[in-house]
Amino acid sequence: MKQLHQSVLTVIAASLLSSTPVWASAQEAVTVQPTPAAEQKMNSEVELTLDRLYKLVPEIKQLRLESENYRPANERQQAAWFFHFTSRPDESEPGDNTVYADAFVEIAAETGDLLHFNLQYPDWSSEQIPTKELAKEKAKAFMQQILGDSLEDYQLSERILYGQSATQDAEGKRTVWTHVGVQFERLINGIPLLGHGYQVEVDSFGHVTSVYRVGEETDPAVLESEAFPDPAQAISRQEAEEAYRKLLNLELAYKAYHPVEAQMFGQSGETKPILEYVPRMDGVLDAVTGKEADLGWRRTTKQQSEIVRLKPAGRKLIAKSPEEAAKLLTAEFGFDMSNMDVDEREEKDSPTRNKYLHYSWHSKPALDGEGRRKADEHRFVHLGVDAATGQIFNITLQDDSTRGQQPKIDEKEAKEKAIALLEQFVDPSVKELALRYVHTSGEHHIPDWVDESKLDMGDYQQPPQVSFIFSEVHQGVPILDRSYAVSIDTVTGDVVGLTLSPKLEEEIAFPDSKTAVSAEEAANALLKEHPLRLVYIWPEFAGQRAPKPFLVYELYYTAGLGGYLDATTGKWVEADSGNR
């Protein structure tokens with residue numbers, strides 16, 4: 001079955017509804033200029049870790065040490081040594097297309113702990129996806145040598161990540177590396193602490209190609225704190241499941257193009273329409289109280305379940321060149337496209353291999369009296385276009401001029417504007433849409449427990465906007481991969497984002513929603529297949545930690561590779577994933 005282009009249909013939705021849990025760390029990157037190695041003496045623990053790496057990955061020893069630098073400690077990071085190894089000659093010839101090996105290593109200066117290791121080795125390039133069994137075996141053996149007896153303080157997670165990187169020379173030849181990532185979760189009182197541990201990546205040859213330490217602690221003693229709730233205080237798993245069933249909020253939903261086999265890295269394959277149940281709960285259960293845990297985060301996205309009836313005009317937005325597109329954006333939406341530079345790129349949709357063009361405009365830097373860039377005068381416009389027809393399917397405007405201002409229109413008025421806009425451009429065959437999410441930006445998403453006096457609040461202000469995420473419906477049930485989005489600037493009332501779905505090329509034979517099992521039966525199947533597990537969460541934001549860690553039950557639920565809760569059978573279905 002042919003699948004329509006979906007790569008940019010949910011650009012806005014994907015950014016608003018990130019898979020990252022709300023309790024995940026939101027630390028800001030801190031860049032500290034390293035000092036020359038000659039000014040700092042390296043201790044024996046660092047040298048010992050380097051020697052271990054040389055033995056485990058002898059290929060590093062064959063490379064030239066390009067640089068060696070020391071980073072002093074600061075309030076967010078411990079002191080560390082950085083090493084860069086490469087096979088690139090000191091002086092390479094102009095036009096040299098050789099793909100060279102590069103290795104990067106970061107080691108804690110005081111303890112010698114390995115914080116980061118990555119090796120991109122040309123001879124190890126492959127598009128073959130490793131098996132998860134091989135990845136776990138090789139990762140565990142590697143970390144045993146790195147951590148020794150301390151490996152007992154970590155638990156190998158069942159979560160598997162798949163990744164791929166590539167480089168391309170001047171002649172267009174690509175070199176691709178593929179890996180599977182496994183996670184070692186830090187244990188406290190025998191309970192995993194989410195967001196802390198190591199991620200280890202393994203290729204199809206069994207090589208460990210990278211190690212990342214997650215949740216680096218300035219003070220490792222924090223992990224030994226008595227602040228962690230005693231697991232004996234937790235309610236039983238049976239009690240937790242009973243409470244969780246009431247909070248799951250399972251939603252009946254369709255997908256028009258669900259993969260029959262797990263698809264990744266731009267693969268295409270057979271798809272089918274499905275009817276599924278999707279949990280809409282995005283929180284966790286407090287393991288002590290049995291209620292949804294309040295982690296202090298301020299929600300900016302609200303779930304909705306509203307059917308919106310339309311009288312669509314079916315107008316098409318067509319632009320067959322950047323020049324036509326710029327004129328259209330000004331005429332239709334009032335975008336000021338003056339004094340902007342444009343870039344153009346193309347991509348092929350993974351299911352259909354159809355070609356799509358992306359135009360990106362950005363304003364030329366405006367400088368203040370001291371030569372610094374004026375952040376509030378930056379503008380960026382993106383446009384996604386079907387290369388064959390010129391039909392526009394995605395528009396995004398970033399204009400920082402309203403940052404920090406108060407909204408002048410409310411959510412109700414913004415929603416009316418969004419629906420009126422969609423009625424112009426939605427295909428006449430679409431009579432209804434389901435409004436599923438409303439996201440508000442410009443409001444502080446900073447957790448309640450953060451001391452805002454320690455933050456530069458300008459870094460966290462966004463232009464006040466409200467975004468509405470819609471889906472097409474069949475039998476009153478939303479079709480999740482037929483999505484639309486509209487963003488409205490609540491200061492000016494202007495449209496700043498629009499995402500459209502192309503017209504369906506064929507009739508989709510959706511399952512009858514009347515055949516669905518009850519939500520209760522589906523919830524039982526989900527919890528049986530994905531049992532709740534007890535974990536610790538200690539939220540962080542911009543280097544600040546919540547006053548205390550939380551003991552919670554989480555649903556060990558991942559559906560990223562094609563697994564879904566079949567609403568017609570009430571059973572969990574795993575996609576055929578070959579050697580994975």
# chains A, B, ... in the order shown; residues from 1 in each chain; ligands from 1

$ residues_around --residues "Arg309 of chain A" --least-positions-apart "4" --cutoff "8 Å" --atoms "only C-alpha atoms" --output "list in words"
Lys431, Glu432 and Leu433 of chain A

$ closest_atom_pairs --of "segment 208-293 of chain A" --to "segment 110-116 of chain A" --cutoff "9 Å" --atoms "only C-alpha atoms" --output "CSV"
residue,atom,partner,partner_atom,distance
A:Ser210,CA,A:His116,CA,7.4
A:Val211,CA,A:His116,CA,5.4
A:Tyr212,CA,A:His116,CA,4.7
A:Arg213,CA,A:Leu115,CA,5.0
A:Val214,CA,A:Leu115,CA,8.2
A:Glu216,CA,A:Leu115,CA,7.7

$ write_last_selection --atoms "N, CA and C atoms" --output "PDB file, in the first residue's frame"
ATOM      1  N   SER A 210      30.654   4.282  20.947  1.00  0.00           N
ATOM      2  CA  SER A 210      30.533   5.465  21.803  1.00  0.00           C
ATOM      3  C   SER A 210      29.989   5.093  23.169  1.00  0.00           C
ATOM      4  N   VAL A 211      30.342   5.928  24.133  1.00  0.00           N
ATOM      5  CA  VAL A 211      29.842   5.823  25.504  1.00  0.00           C
ATOM      6  C   VAL A 211      29.512   7.237  25.966  1.00  0.00           C
ATOM      7  N   TYR A 212      28.301   7.432  26.471  1.00  0.00           N
ATOM      8  CA  TYR A 212      27.900   8.731  27.002  1.00  0.00           C
ATOM      9  C   TYR A 212      27.472   8.556  28.454  1.00  0.00           C
ATOM     10  N   ARG A 213      28.051   9.353  29.312  1.00  0.00           N
ATOM     11  CA  ARG A 213      27.560   9.363  30.696  1.00  0.00           C
ATOM     12  C   ARG A 213      26.437  10.384  30.783  1.00  0.00           C
ATOM     13  N   VAL A 214      25.293   9.956  31.266  1.00  0.00           N
ATOM     14  CA  VAL A 214      24.104  10.800  31.345  1.00  0.00           C
ATOM     15  C   VAL A 214      23.898  11.237  32.788  1.00  0.00           C
ATOM     16  N   GLU A 216      25.589  13.755  34.465  1.00  0.00           N
ATOM     17  CA  GLU A 216      26.878  13.980  35.127  1.00  0.00           C
ATOM     18  C   GLU A 216      26.676  14.824  36.381  1.00  0.00           C
TER      19      GLU A 216
END

$ closest_residue --among "A:Asn394, A:Leu500, A:Phe380, A:Tyr359" --to "Leu422 of chain A" --atoms "only C-alpha atoms"
A:Leu500

$ atom_distance --atom1 "atom CA of Ala287 of chain A" --atom2 "atom CA of Asp230 of chain A"
10.5 Å

$ residues_around --residues "Ala434 of chain A" --least-positions-apart "4" --cutoff "8 Å" --atoms "only C-alpha atoms" --output "list in words"
Ser305, Glu306, Ile307, Val308, Phe470, Ser471, Glu472, Val473 and Pro478 of chain A

$ residues_around --residues "Trp81 of chain A" --least-positions-apart "5" --cutoff "9 Å" --atoms "only C-alpha atoms" --output "ChimeraX atom specification"
/A:34,37,42,46,68-72,105-109

$ closest_residue --among "A:Leu383, A:Ala418, A:Val288, A:Ala516" --to "Ala326 of chain A" --atoms "only C-alpha atoms"
A:Leu383

$ residues_around --residues "segment 489-494 of chain A" --least-positions-apart "2" --cutoff "6 Å" --atoms "only C-alpha atoms" --output "JSON, numbers by chain"
{"A": [407, 408, 409, 464, 465]}

$ closest_residue --among "A:Ala293, A:Leu421, A:Leu532, A:Leu504" --to "Val486 of chain A" --atoms "only C-alpha atoms"
A:Leu421

$ closest_residue --among "A:Val496, A:Arg237, A:Ser321, A:Pro259" --to "Asp336 of chain A" --atoms "only C-alpha atoms"
A:Val496

$ atom_distance --atom1 "atom CA of Tyr100 of chain A" --atom2 "atom CA of Tyr121 of chain A"
7.3 Å

$ closest_residue --among "A:Leu147, A:Val517, A:Ala256, A:Ala135" --to "Glu201 of chain A" --atoms "only C-alpha atoms"
A:Ala135

$ residues_around --residues "Gln183 of chain A" --least-positions-apart "6" --cutoff "6 Å" --atoms "only C-alpha atoms" --output "list of chain:residue names"
A:Leu156, A:Ser157, A:Tyr198, A:Gln199

$ residues_around --residues "Thr396 of chain A" --least-positions-apart "4" --cutoff "10 Å" --atoms "only C-alpha atoms" --output "PyMOL selection string"
chain A and resi 11-12+360+380-384+486-487+495-499

$ write_last_selection --atoms "all heavy atoms" --output "mmCIF file, in the first residue's frame"
data_model
loop_
_atom_site.group_PDB
_atom_site.id
_atom_site.type_symbol
_atom_site.label_atom_id
_atom_site.label_comp_id
_atom_site.auth_asym_id
_atom_site.auth_seq_id
_atom_site.Cartn_x
_atom_site.Cartn_y
_atom_site.Cartn_z
ATOM 1 N N VAL A 11 5.250 18.637 11.823
ATOM 2 C CA VAL A 11 6.430 19.346 12.315
ATOM 3 C C VAL A 11 6.130 20.077 13.611
ATOM 4 O O VAL A 11 6.842 19.959 14.599
ATOM 5 C CB VAL A 11 6.930 20.346 11.250
ATOM 6 C CG1 VAL A 11 7.963 21.285 11.842
ATOM 7 C CG2 VAL A 11 7.527 19.597 10.078
ATOM 8 N N ILE A 12 5.021 20.841 13.603
ATOM 9 C CA ILE A 12 4.684 21.597 14.803
ATOM 10 C C ILE A 12 4.285 20.651 15.927
ATOM 11 O O ILE A 12 4.733 20.781 17.061
ATOM 12 C CB ILE A 12 3.550 22.591 14.511
ATOM 13 C CG1 ILE A 12 4.019 23.608 13.449
ATOM 14 C CG2 ILE A 12 3.118 23.316 15.769
ATOM 15 C CD1 ILE A 12 2.956 24.591 13.028
ATOM 16 N N SER A 360 14.177 28.240 3.073
ATOM 17 C CA SER A 360 14.379 28.854 4.386
ATOM 18 C C SER A 360 14.956 30.256 4.203
ATOM 19 O O SER A 360 16.011 30.421 3.584
ATOM 20 C CB SER A 360 15.333 28.014 5.244
ATOM 21 O OG SER A 360 14.787 26.739 5.504
ATOM 22 N N PHE A 380 12.857 34.381 10.890
ATOM 23 C CA PHE A 380 13.164 33.163 10.145
ATOM 24 C C PHE A 380 11.858 32.630 9.566
ATOM 25 O O PHE A 380 10.843 32.569 10.269
ATOM 26 C CB PHE A 380 13.796 32.115 11.071
ATOM 27 C CG PHE A 380 13.956 30.760 10.437
ATOM 28 C CD1 PHE A 380 15.058 30.467 9.641
ATOM 29 C CD2 PHE A 380 13.002 29.765 10.632
ATOM 30 C CE1 PHE A 380 15.200 29.218 9.051
ATOM 31 C CE2 PHE A 380 13.135 28.519 10.044
ATOM 32 C CZ PHE A 380 14.241 28.247 9.255
ATOM 33 N N VAL A 381 11.888 32.248 8.282
ATOM 34 C CA VAL A 381 10.696 31.701 7.628
ATOM 35 C C VAL A 381 11.071 30.396 6.953
ATOM 36 O O VAL A 381 12.110 30.306 6.284
ATOM 37 C CB VAL A 381 10.127 32.677 6.575
ATOM 38 C CG1 VAL A 381 8.883 32.070 5.918
ATOM 39 C CG2 VAL A 381 9.794 34.019 7.199
ATOM 40 N N HIS A 382 10.238 29.372 7.151
ATOM 41 C CA HIS A 382 10.449 28.088 6.478
ATOM 42 C C HIS A 382 9.208 27.732 5.686
ATOM 43 O O HIS A 382 8.073 27.974 6.113
ATOM 44 C CB HIS A 382 10.731 26.967 7.486
ATOM 45 C CG HIS A 382 10.723 25.606 6.849
ATOM 46 N ND1 HIS A 382 9.595 24.809 6.838
ATOM 47 C CD2 HIS A 382 11.677 24.927 6.165
ATOM 48 C CE1 HIS A 382 9.873 23.694 6.194
ATOM 49 N NE2 HIS A 382 11.116 23.743 5.766
ATOM 50 N N LEU A 383 9.450 27.120 4.501
ATOM 51 C CA LEU A 383 8.356 26.711 3.633
ATOM 52 C C LEU A 383 8.661 25.322 3.095
ATOM 53 O O LEU A 383 9.759 25.068 2.595
ATOM 54 C CB LEU A 383 8.234 27.695 2.459
ATOM 55 C CG LEU A 383 6.901 27.779 1.722
ATOM 56 C CD1 LEU A 383 5.839 28.368 2.638
ATOM 57 C CD2 LEU A 383 7.043 28.654 0.490
ATOM 58 N N GLY A 384 7.690 24.392 3.194
ATOM 59 C CA GLY A 384 7.820 23.064 2.621
ATOM 60 C C GLY A 384 6.919 22.938 1.406
ATOM 61 O O GLY A 384 5.728 23.269 1.473
ATOM 62 N N VAL A 486 -2.072 24.947 13.268
ATOM 63 C CA VAL A 486 -2.071 26.395 13.030
ATOM 64 C C VAL A 486 -1.519 27.070 14.280
ATOM 65 O O VAL A 486 -1.917 26.736 15.398
ATOM 66 C CB VAL A 486 -3.489 26.942 12.732
ATOM 67 C CG1 VAL A 486 -3.434 28.452 12.485
ATOM 68 C CG2 VAL A 486 -4.106 26.236 11.536
ATOM 69 N N SER A 487 -0.616 28.029 14.077
ATOM 70 C CA SER A 487 -0.070 28.817 15.187
ATOM 71 C C SER A 487 -0.429 30.281 14.972
ATOM 72 O O SER A 487 -0.274 30.810 13.861
ATOM 73 C CB SER A 487 1.445 28.655 15.276
ATOM 74 O OG SER A 487 1.793 27.323 15.575
ATOM 75 N N VAL A 495 -1.165 34.910 11.711
ATOM 76 C CA VAL A 495 -0.791 33.509 11.534
ATOM 77 C C VAL A 495 0.725 33.416 11.444
ATOM 78 O O VAL A 495 1.359 34.142 10.661
ATOM 79 C CB VAL A 495 -1.423 32.931 10.259
ATOM 80 C CG1 VAL A 495 -0.936 31.500 10.019
ATOM 81 C CG2 VAL A 495 -2.934 32.982 10.343
ATOM 82 N N VAL A 496 1.335 32.531 12.221
ATOM 83 C CA VAL A 496 2.795 32.354 12.168
ATOM 84 C C VAL A 496 3.164 30.896 11.882
ATOM 85 O O VAL A 496 4.348 30.562 11.831
ATOM 86 C CB VAL A 496 3.468 32.832 13.470
ATOM 87 C CG1 VAL A 496 3.383 34.343 13.589
ATOM 88 C CG2 VAL A 496 2.860 32.149 14.697
ATOM 89 N N GLY A 497 2.183 30.042 11.687
ATOM 90 C CA GLY A 497 2.481 28.657 11.352
ATOM 91 C C GLY A 497 1.269 27.960 10.764
ATOM 92 O O GLY A 497 0.133 28.192 11.198
ATOM 93 N N LEU A 498 1.512 27.121 9.753
ATOM 94 C CA LEU A 498 0.424 26.371 9.128
ATOM 95 C C LEU A 498 0.996 25.056 8.596
ATOM 96 O O LEU A 498 1.993 25.054 7.872
ATOM 97 C CB LEU A 498 -0.195 27.163 7.978
ATOM 98 C CG LEU A 498 -1.233 26.446 7.113
ATOM 99 C CD1 LEU A 498 -2.462 26.088 7.934
ATOM 100 C CD2 LEU A 498 -1.623 27.304 5.912
ATOM 101 N N THR A 499 0.384 23.945 8.974
ATOM 102 C CA THR A 499 0.762 22.633 8.449
ATOM 103 C C THR A 499 -0.483 21.962 7.903
ATOM 104 O O THR A 499 -1.510 21.898 8.578
ATOM 105 C CB THR A 499 1.382 21.755 9.557
ATOM 106 O OG1 THR A 499 2.542 22.399 10.080
ATOM 107 C CG2 THR A 499 1.785 20.392 9.013
#

$ atom_distance --atom1 "atom CA of Leu480 of chain A" --atom2 "atom CA of Ala567 of chain A"
14.5 Å

$ closest_residue --among "A:Val222, A:Lys291, A:Ser441, A:Gln303" --to "Ala234 of chain A" --atoms "only C-alpha atoms"
A:Lys291
